[in-house]
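Note sheet for the following structure.
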Amino acid sequence: MSSSLSFRYAETTDAPAIARLMNHMGFDHSAQEIERRWNLIGCHEQDHLLLALEGLVPVGAVAVHIAPLLFYPQPLARITTLVVDSSKRRQGIGKALVNEAISLARKSDCDTIELTTGLARDEAHAFYRSIGFQNSALRMSRRL
């Protein structure tokens with residue numbers, strides 16, 4: 001991992017950089033679409049978006065949602081997005097972002113952190129297993 005890596009909370013002015021990063025996951029979101037979505041969640045203190053930067057350039061992002069749930073004694077932290085610029089992968093940035101998410105979860109009194117990942121993302125599955133995640137549930141969904 002680059003020694004110049006730093007982290008900060010994202011701001012709405014980061015929408016173009018976030019849109020660029022989302023392209024590395026195969027999503028074609030415009031900066032305007034990122035801003036629209038930001039406005040939906042931006043005012044909720046349980047939603048966090050951290051950027052990994054090399055110098056001033058965002059090279060990765062992790063979004064974390066803190067959720068108190070009826071059936072868990074402590075709040076649950078859910079990684080809702082994790083992305084690293086494809087030219088920067090396998091350099092420890094993803095692991096560093098997950099560690100930042102874990103630190104945030106602990107500060108929020110969570111005792112569990114989870115994530116979902118697409119069934120076809122085999123490389124992502126291997127990465128998540130390599131840093132201690134394991135299959136613990138089956139997620140089902142239904143489009144409305």
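Ordered as shown in the structure tokens, chains take letters A, B, and onward, while each chain numbers its residues from 1 and ligands are numbered from 1 in the order shown.
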
List every residue of stretch 20-60 of chain A that DSSP, applied to the backbone of this structure, assigns to helix (DSSP H, G or I), and report them as JSON, numbers by chain. {"A": [20, 21, 22, 23, 31, 32, 33, 34, 35, 36, 37, 38, 39, 40, 41]}

DSSP strand (DSSP E) residues within chain A, listed as a tab-separated table (two decimals) with C-alpha atoms, in the first residue's frame:
chain	number	residue	atom	x	y	z
A	5	LEU	CA	-2.66	7.02	1.39
A	6	SER	CA	-4.99	9.10	3.57
A	7	PHE	CA	-8.68	9.03	4.37
A	8	ARG	CA	-11.38	11.64	4.73
A	9	TYR	CA	-15.14	11.90	4.71
A	47	ASP	CA	-24.62	6.92	6.74
A	48	HIS	CA	-20.91	7.52	6.15
A	49	LEU	CA	-18.83	7.76	3.00
A	50	LEU	CA	-15.05	7.68	3.32
A	51	LEU	CA	-12.57	8.28	0.54
A	52	ALA	CA	-9.08	6.85	0.25
A	53	LEU	CA	-6.74	9.41	-1.32
A	54	GLU	CA	-3.31	9.27	-2.85
A	57	VAL	CA	-6.80	12.10	-5.74
A	58	PRO	CA	-9.59	9.74	-4.58
A	59	VAL	CA	-8.56	6.17	-5.40
A	60	GLY	CA	-11.22	4.32	-3.39
A	61	ALA	CA	-14.36	4.71	-1.36
A	62	VAL	CA	-16.32	2.85	1.28
A	63	ALA	CA	-19.90	3.60	2.31
A	64	VAL	CA	-21.07	2.38	5.71
A	65	HIS	CA	-24.57	2.36	7.15
A	66	ILE	CA	-25.02	1.99	10.91
A	67	ALA	CA	-28.30	0.23	11.73
A	76	LEU	CA	-24.98	-3.46	12.88
A	77	ALA	CA	-22.55	-1.85	10.44
A	78	ARG	CA	-23.18	-2.59	6.78
A	79	ILE	CA	-20.69	-1.81	4.04
A	80	THR	CA	-22.99	-0.72	1.23
A	81	THR	CA	-20.28	0.19	-1.28
A	82	LEU	CA	-16.60	-0.61	-1.53
A	83	VAL	CA	-14.71	0.41	-4.64
A	84	VAL	CA	-11.07	0.87	-5.58
A	112	THR	CA	-20.86	-6.89	13.65
A	113	ILE	CA	-19.97	-5.62	10.21
A	114	GLU	CA	-21.49	-7.13	7.09
A	115	LEU	CA	-21.71	-6.56	3.37

Would you kindly return, as JSON, numbers by chain, each protein, DNA or RNA residue with an atom no farther than 10 Å from any atom of stretch 116-127 of chain A, considering only C-alpha atoms and excluding same-chain residues fewer than 3 positions away? {"A": [78, 79, 80, 81, 82, 90, 94, 95, 130, 131, 132, 133, 134, 135, 137, 138, 139]}

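Interatomic distance, atom CA of A:Ser4 to atom CA of A:Gly55: 6.3 Å.
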
Compare A:Ser86, A:Arg106, A:Glu100, A:Ala10 by their minimum atom-to-atom distance to A:Asn23, counting only C-alpha atoms, and give me the closest one.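 Nearest candidate to A:Asn23 out of A:Ser86, A:Arg106, A:Glu100, A:Ala10: A:Ser86.
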
State, in Å with one decimal place, the distance from atom CA of A:Pro68 to atom CA of A:Leu104. 14.6 Å

Distance in Å - atom CA of A:Asp85 versus atom CA of A:Ser141: 28.1 Å

So that each row is one residue of stretch 24-76 of chain A with an atom at most 9 Å from stretch 12-15 of chain A, can you give its shortest atom pair and the distance in Å to one decimal, using only C-alpha atoms, rows by chain and rising number, as JSON lines?
{"residue": "A:Ser30", "atom": "CA", "partner": "A:Ala15", "partner_atom": "CA", "distance": 8.4}
{"residue": "A:Ala31", "atom": "CA", "partner": "A:Ala15", "partner_atom": "CA", "distance": 5.0}
{"residue": "A:Gln32", "atom": "CA", "partner": "A:Ala15", "partner_atom": "CA", "distance": 7.4}
{"residue": "A:Glu33", "atom": "CA", "partner": "A:Ala15", "partner_atom": "CA", "distance": 8.5}
{"residue": "A:Ile34", "atom": "CA", "partner": "A:Ala15", "partner_atom": "CA", "distance": 5.7}
{"residue": "A:Glu35", "atom": "CA", "partner": "A:Ala15", "partner_atom": "CA", "distance": 6.0}
{"residue": "A:Trp38", "atom": "CA", "partner": "A:Thr12", "partner_atom": "CA", "distance": 7.2}
{"residue": "A:Asn39", "atom": "CA", "partner": "A:Thr12", "partner_atom": "CA", "distance": 8.7}
{"residue": "A:Gly42", "atom": "CA", "partner": "A:Thr12", "partner_atom": "CA", "distance": 8.6}
{"residue": "A:Pro58", "atom": "CA", "partner": "A:Asp14", "partner_atom": "CA", "distance": 8.7}
